[in-house]
$ cat final.txt   # compact mmCIF, C-alpha atoms
# COMPACT_ATOMS: atom_id res chain seq x y z
CA MET G 20 -61.12 61.92 -9.38
CA SER G 21 -61.88 58.31 -9.06
CA SER G 22 -60.30 57.63 -12.42
CA THR G 23 -57.24 59.63 -11.36
CA ASN G 24 -57.00 57.60 -8.15
CA HIS G 25 -57.54 54.43 -10.10
CA THR G 26 -54.80 55.35 -12.56
CA ALA G 27 -52.46 56.32 -9.73
CA ARG G 28 -53.15 53.01 -8.02
CA GLU G 29 -52.46 51.13 -11.25
CA GLN G 30 -49.21 53.00 -11.67
CA ASP G 31 -48.26 52.27 -8.06
CA THR G 32 -49.11 48.59 -8.57
CA ALA G 33 -47.11 48.42 -11.80
CA ARG G 34 -44.19 50.18 -10.13
CA ASP G 35 -44.37 47.79 -7.15
CA GLN G 36 -44.48 44.79 -9.49
CA ALA G 37 -41.49 46.10 -11.48
CA SER G 38 -39.65 46.76 -8.26
CA ALA G 39 -40.46 43.26 -6.98
CA GLU G 40 -39.32 41.69 -10.25
CA ALA G 41 -36.07 43.66 -10.16
CA ALA G 42 -35.48 42.58 -6.55
CA ASN G 43 -36.30 38.98 -7.45
CA GLN G 44 -33.83 39.06 -10.36
CA ARG G 45 -31.18 40.58 -8.11
CA GLY G 46 -31.87 37.86 -5.54
CA GLN G 47 -31.63 35.12 -8.14
CA ALA G 48 -28.42 36.59 -9.55
CA GLY G 49 -27.02 36.88 -6.04
CA ALA G 50 -28.04 33.33 -5.19
CA GLY G 51 -26.62 32.02 -8.47
CA LEU G 52 -23.20 33.56 -7.90
CA PRO G 53 -22.42 31.58 -4.72
CA ARG G 54 -23.87 28.47 -6.36
CA GLN G 55 -21.61 28.94 -9.38
CA ALA G 56 -18.60 29.54 -7.13
CA ALA G 57 -19.39 26.42 -5.11
CA GLY G 58 -19.73 24.43 -8.32
CA ARG G 59 -16.38 25.69 -9.55
CA VAL G 60 -14.71 24.88 -6.23
CA ALA G 61 -16.24 21.38 -6.25
CA ALA G 62 -15.04 20.84 -9.82
CA LEU G 63 -11.56 22.04 -8.86
CA VAL G 64 -11.45 19.75 -5.81
CA GLY G 65 -12.66 16.84 -7.94
CA SER G 66 -9.98 17.55 -10.53
CA VAL G 67 -7.27 17.72 -7.86
CA MET G 68 -8.49 14.43 -6.37
CA ASP G 69 -8.50 12.76 -9.79
CA LEU G 70 -4.94 13.97 -10.35
CA HIS G 71 -3.93 12.70 -6.91
CA VAL G 72 -5.46 9.28 -7.56
CA ARG G 73 -3.77 9.05 -10.97
CA ILE G 74 -0.37 9.93 -9.47
CA ALA G 75 -0.88 7.46 -6.60
CA LEU G 76 -1.71 4.69 -9.07
CA GLN G 77 1.41 5.48 -11.10
CA GLU G 78 3.54 5.41 -7.94
CA ALA G 79 1.97 2.12 -6.87
CA ASP G 80 2.70 0.64 -10.30
CA ARG G 81 6.33 1.79 -10.08
CA GLU G 82 6.65 0.36 -6.56
CA LYS G 83 5.14 -2.95 -7.69
CA ARG G 84 7.65 -3.20 -10.54
CA ARG G 85 10.49 -2.29 -8.17
CA LEU G 86 9.44 -4.93 -5.65
CA ILE G 87 9.02 -7.63 -8.29
CA SER G 88 12.44 -6.80 -9.76
CA GLY G 89 13.98 -6.86 -6.29
CA LEU G 90 12.41 -10.22 -5.46
CA LEU G 91 13.62 -11.71 -8.75
CA LEU G 92 17.14 -10.48 -8.06
CA LEU G 93 17.00 -11.84 -4.50
CA ALA G 94 15.81 -15.22 -5.81
CA GLY G 95 18.66 -15.30 -8.31
CA GLY G 96 21.13 -14.39 -5.58
CA LEU G 97 19.77 -17.10 -3.27
CA GLY G 98 20.02 -19.64 -6.09
CA LEU G 99 23.66 -18.72 -6.68
CA VAL G 100 24.43 -18.85 -2.96
CA THR G 101 22.86 -22.30 -2.85
CA LEU G 102 25.03 -23.45 -5.75
CA ALA G 103 28.10 -22.02 -4.03
CA LEU G 104 27.24 -23.88 -0.81
CA VAL G 105 26.78 -27.12 -2.75
CA ALA G 106 30.16 -26.58 -4.40
CA ALA G 107 31.73 -25.87 -0.99
CA GLU G 108 30.15 -29.05 0.40
CA VAL G 109 31.57 -31.09 -2.49
CA ALA G 110 34.99 -29.49 -2.01
CA LEU G 111 34.86 -30.23 1.73
CA LEU G 112 33.80 -33.80 1.01
CA LEU G 113 36.72 -34.28 -1.40
CA TRP G 114 39.18 -32.70 1.02
CA ILE G 115 38.03 -34.82 3.97
CA GLN G 116 38.11 -37.97 1.85
CA ALA G 117 41.63 -37.24 0.56
CA SER G 118 43.29 -35.84 3.68
CA TRP G 119 41.79 -38.15 6.32
CA GLY G 120 42.01 -41.22 4.15
CA LEU G 121 38.31 -42.03 4.58
CA GLY G 122 36.03 -43.70 2.08
CA TRP G 123 33.27 -41.80 0.30
CA ILE G 124 30.57 -42.90 2.71
CA GLN G 125 32.56 -41.99 5.81
CA ALA G 126 33.52 -38.60 4.34
CA SER G 127 29.85 -37.92 3.42
CA LEU G 128 28.78 -38.81 6.97
CA ALA G 129 31.43 -36.45 8.40
CA VAL G 130 30.21 -33.58 6.20
CA GLY G 131 26.60 -34.37 7.16
CA ALA G 132 27.52 -34.31 10.85
CA ILE G 133 29.24 -30.95 10.44
CA ASP G 134 26.13 -29.64 8.63
CA LEU G 135 23.84 -30.87 11.42
CA VAL G 136 25.96 -29.26 14.13
CA LEU G 137 26.00 -25.93 12.26
CA ALA G 138 22.26 -26.11 11.55
CA GLY G 139 21.49 -26.83 15.20
CA LEU G 140 23.68 -23.93 16.33
CA LEU G 141 22.06 -21.51 13.88
CA LEU G 142 18.54 -22.66 14.81
CA ARG G 143 19.28 -22.25 18.52
CA ILE G 144 20.66 -18.73 18.09
CA GLY G 145 17.78 -17.77 15.76
CA GLY G 146 15.24 -19.12 18.24
CA GLN G 147 16.77 -17.09 21.05
CA LEU G 148 16.75 -13.93 18.95
CA THR G 149 13.10 -14.31 17.95
CA LYS G 150 11.93 -15.15 21.46
CA GLY G 151 10.84 -12.18 23.44
CA PRO G 152 7.99 -9.98 24.43
CA TYR G 153 5.66 -9.24 21.54
CA LEU G 154 3.01 -6.56 21.37
CA PRO G 155 -0.53 -7.92 21.80
CA GLN G 156 -1.43 -6.94 18.23
CA THR G 157 1.58 -8.84 16.88
CA THR G 158 0.69 -11.92 18.91
CA ALA G 159 -2.93 -11.74 17.70
CA GLY G 160 -1.77 -11.42 14.09
CA ILE G 161 0.58 -14.38 14.40
CA THR G 162 -2.18 -16.43 16.04
CA LYS G 163 -4.67 -15.59 13.27
CA THR G 164 -2.13 -16.42 10.56
CA THR G 165 -1.20 -19.72 12.21
CA ARG G 166 -4.85 -20.70 12.61
CA ALA G 167 -5.56 -19.80 8.98
CA LEU G 168 -2.60 -21.86 7.77
CA LEU G 169 -3.46 -24.85 9.94
CA GLY G 170 -7.17 -24.64 9.14
CA ARG G 171 -8.39 -24.20 12.69

$ encode --input "final.txt" --output "structure tokens"
Amino acid sequence: MSSTNHTAREQDTARDQASAEAANQRGQAGAGLPRQAAGRVAALVGSVMDLHVRIALQEADREKRRLISGLLLLAGGLGLVTLALVAAEVALLLWIQASWGLGWIQASLAVGAIDLVLAGLLLRIGGQLTKGPYLPQTTAGITKTTRALLGR
């Protein structure tokens, strides 16, 4: 009977070990499934972020080109406006010289005086428009910029 009990115990032990191994494999398979799903989700999120960054860089490049083109066009426009103002000044100088019977120097001084009066008027109006209550952050930013430019 002792050999029968011994054999029964061995069978019980083998069955318990097989049962434990099966449970362990089920546990590992169960633990691996959430890990695999989390890995897939992380890969998907990383892929979406890479796509987002790539699109943002393309948009930034397009915006940079648009801004540079706009600035070049504005510079060209300002250059042409400057040439038109110079031409208008010359035409005014010639008209004043011819119609008022003044010499070239007197006509140039008259045009210069008109320019100074207009410049003073525009500066005064511009100064009034820019004066006003500023937000504390704006004032701090202007102060920092001014100090950086003046080297203080």

$ atom_distance --input "final.txt" --atom1 "CA of Gln116 (chain G)" --atom2 "CA of Leu128 (chain G)"
10.7 Å

$ atom_distance --input "final.txt" --atom1 "CA of Ala103 (chain G)" --atom2 "CA of Leu140 (chain G)"
20.9 Å

$ residues_around --input "final.txt" --residues "Leu112 (chain G)" --least-positions-apart "2" --cutoff "8 Å" --atoms "all atoms listed in the file" --output "mmCIF file with C-alpha atoms, in the coordinates of the input"
data_model
loop_
_atom_site.group_PDB
_atom_site.id
_atom_site.type_symbol
_atom_site.label_atom_id
_atom_site.label_comp_id
_atom_site.auth_asym_id
_atom_site.auth_seq_id
_atom_site.Cartn_x
_atom_site.Cartn_y
_atom_site.Cartn_z
ATOM 1 C CA GLU G 108 30.150 -29.050 0.400
ATOM 2 C CA VAL G 109 31.570 -31.090 -2.490
ATOM 3 C CA ALA G 110 34.990 -29.490 -2.010
ATOM 4 C CA TRP G 114 39.180 -32.700 1.020
ATOM 5 C CA ILE G 115 38.030 -34.820 3.970
ATOM 6 C CA GLN G 116 38.110 -37.970 1.850
ATOM 7 C CA ALA G 126 33.520 -38.600 4.340
ATOM 8 C CA SER G 127 29.850 -37.920 3.420
ATOM 9 C CA VAL G 130 30.210 -33.580 6.200
#

$ atom_distance --input "final.txt" --atom1 "CA of Val100 (chain G)" --atom2 "CA of Ala132 (chain G)"
21.0 Å

$ build_atoms --input "final.txt" --residues "region 67-82 of chain G" --atoms "N, CA and C atoms" --output "PDB file, in the frame of the given file"
ATOM      1  N   VAL G  67      -8.483  17.960  -8.662  1.00  0.00           N
ATOM      2  CA  VAL G  67      -7.270  17.720  -7.860  1.00  0.00           C
ATOM      3  C   VAL G  67      -7.263  16.289  -7.327  1.00  0.00           C
ATOM      4  N   MET G  68      -8.417  15.800  -6.876  1.00  0.00           N
ATOM      5  CA  MET G  68      -8.490  14.430  -6.370  1.00  0.00           C
ATOM      6  C   MET G  68      -8.226  13.409  -7.472  1.00  0.00           C
ATOM      7  N   ASP G  69      -8.777  13.655  -8.663  1.00  0.00           N
ATOM      8  CA  ASP G  69      -8.500  12.760  -9.790  1.00  0.00           C
ATOM      9  C   ASP G  69      -7.018  12.722 -10.102  1.00  0.00           C
ATOM     10  N   LEU G  70      -6.374  13.896 -10.099  1.00  0.00           N
ATOM     11  CA  LEU G  70      -4.940  13.970 -10.350  1.00  0.00           C
ATOM     12  C   LEU G  70      -4.176  13.213  -9.266  1.00  0.00           C
ATOM     13  N   HIS G  71      -4.586  13.399  -8.017  1.00  0.00           N
ATOM     14  CA  HIS G  71      -3.930  12.700  -6.910  1.00  0.00           C
ATOM     15  C   HIS G  71      -4.058  11.187  -7.052  1.00  0.00           C
ATOM     16  N   VAL G  72      -5.241  10.723  -7.401  1.00  0.00           N
ATOM     17  CA  VAL G  72      -5.460   9.280  -7.560  1.00  0.00           C
ATOM     18  C   VAL G  72      -4.616   8.751  -8.720  1.00  0.00           C
ATOM     19  N   ARG G  73      -4.559   9.486  -9.820  1.00  0.00           N
ATOM     20  CA  ARG G  73      -3.770   9.050 -10.970  1.00  0.00           C
ATOM     21  C   ARG G  73      -2.286   8.952 -10.616  1.00  0.00           C
ATOM     22  N   ILE G  74      -1.774   9.954  -9.892  1.00  0.00           N
ATOM     23  CA  ILE G  74      -0.370   9.930  -9.470  1.00  0.00           C
ATOM     24  C   ILE G  74      -0.120   8.792  -8.504  1.00  0.00           C
ATOM     25  N   ALA G  75      -1.040   8.563  -7.564  1.00  0.00           N
ATOM     26  CA  ALA G  75      -0.880   7.460  -6.600  1.00  0.00           C
ATOM     27  C   ALA G  75      -0.858   6.116  -7.309  1.00  0.00           C
ATOM     28  N   LEU G  76      -1.707   5.950  -8.323  1.00  0.00           N
ATOM     29  CA  LEU G  76      -1.710   4.690  -9.070  1.00  0.00           C
ATOM     30  C   LEU G  76      -0.402   4.497  -9.835  1.00  0.00           C
ATOM     31  N   GLN G  77       0.127   5.577 -10.408  1.00  0.00           N
ATOM     32  CA  GLN G  77       1.410   5.480 -11.100  1.00  0.00           C
ATOM     33  C   GLN G  77       2.523   5.107 -10.131  1.00  0.00           C
ATOM     34  N   GLU G  78       2.517   5.729  -8.945  1.00  0.00           N
ATOM     35  CA  GLU G  78       3.540   5.410  -7.940  1.00  0.00           C
ATOM     36  C   GLU G  78       3.401   3.963  -7.476  1.00  0.00           C
ATOM     37  N   ALA G  79       2.181   3.509  -7.288  1.00  0.00           N
ATOM     38  CA  ALA G  79       1.970   2.120  -6.870  1.00  0.00           C
ATOM     39  C   ALA G  79       2.461   1.157  -7.941  1.00  0.00           C
ATOM     40  N   ASP G  80       2.235   1.490  -9.209  1.00  0.00           N
ATOM     41  CA  ASP G  80       2.700   0.640 -10.300  1.00  0.00           C
ATOM     42  C   ASP G  80       4.227   0.585 -10.324  1.00  0.00           C
ATOM     43  N   ARG G  81       4.865   1.761 -10.128  1.00  0.00           N
ATOM     44  CA  ARG G  81       6.330   1.790 -10.080  1.00  0.00           C
ATOM     45  C   ARG G  81       6.865   0.978  -8.910  1.00  0.00           C
ATOM     46  N   GLU G  82       6.222   1.109  -7.749  1.00  0.00           N
ATOM     47  CA  GLU G  82       6.650   0.360  -6.560  1.00  0.00           C
ATOM     48  C   GLU G  82       6.479  -1.144  -6.778  1.00  0.00           C
TER      49      GLU G  82
END
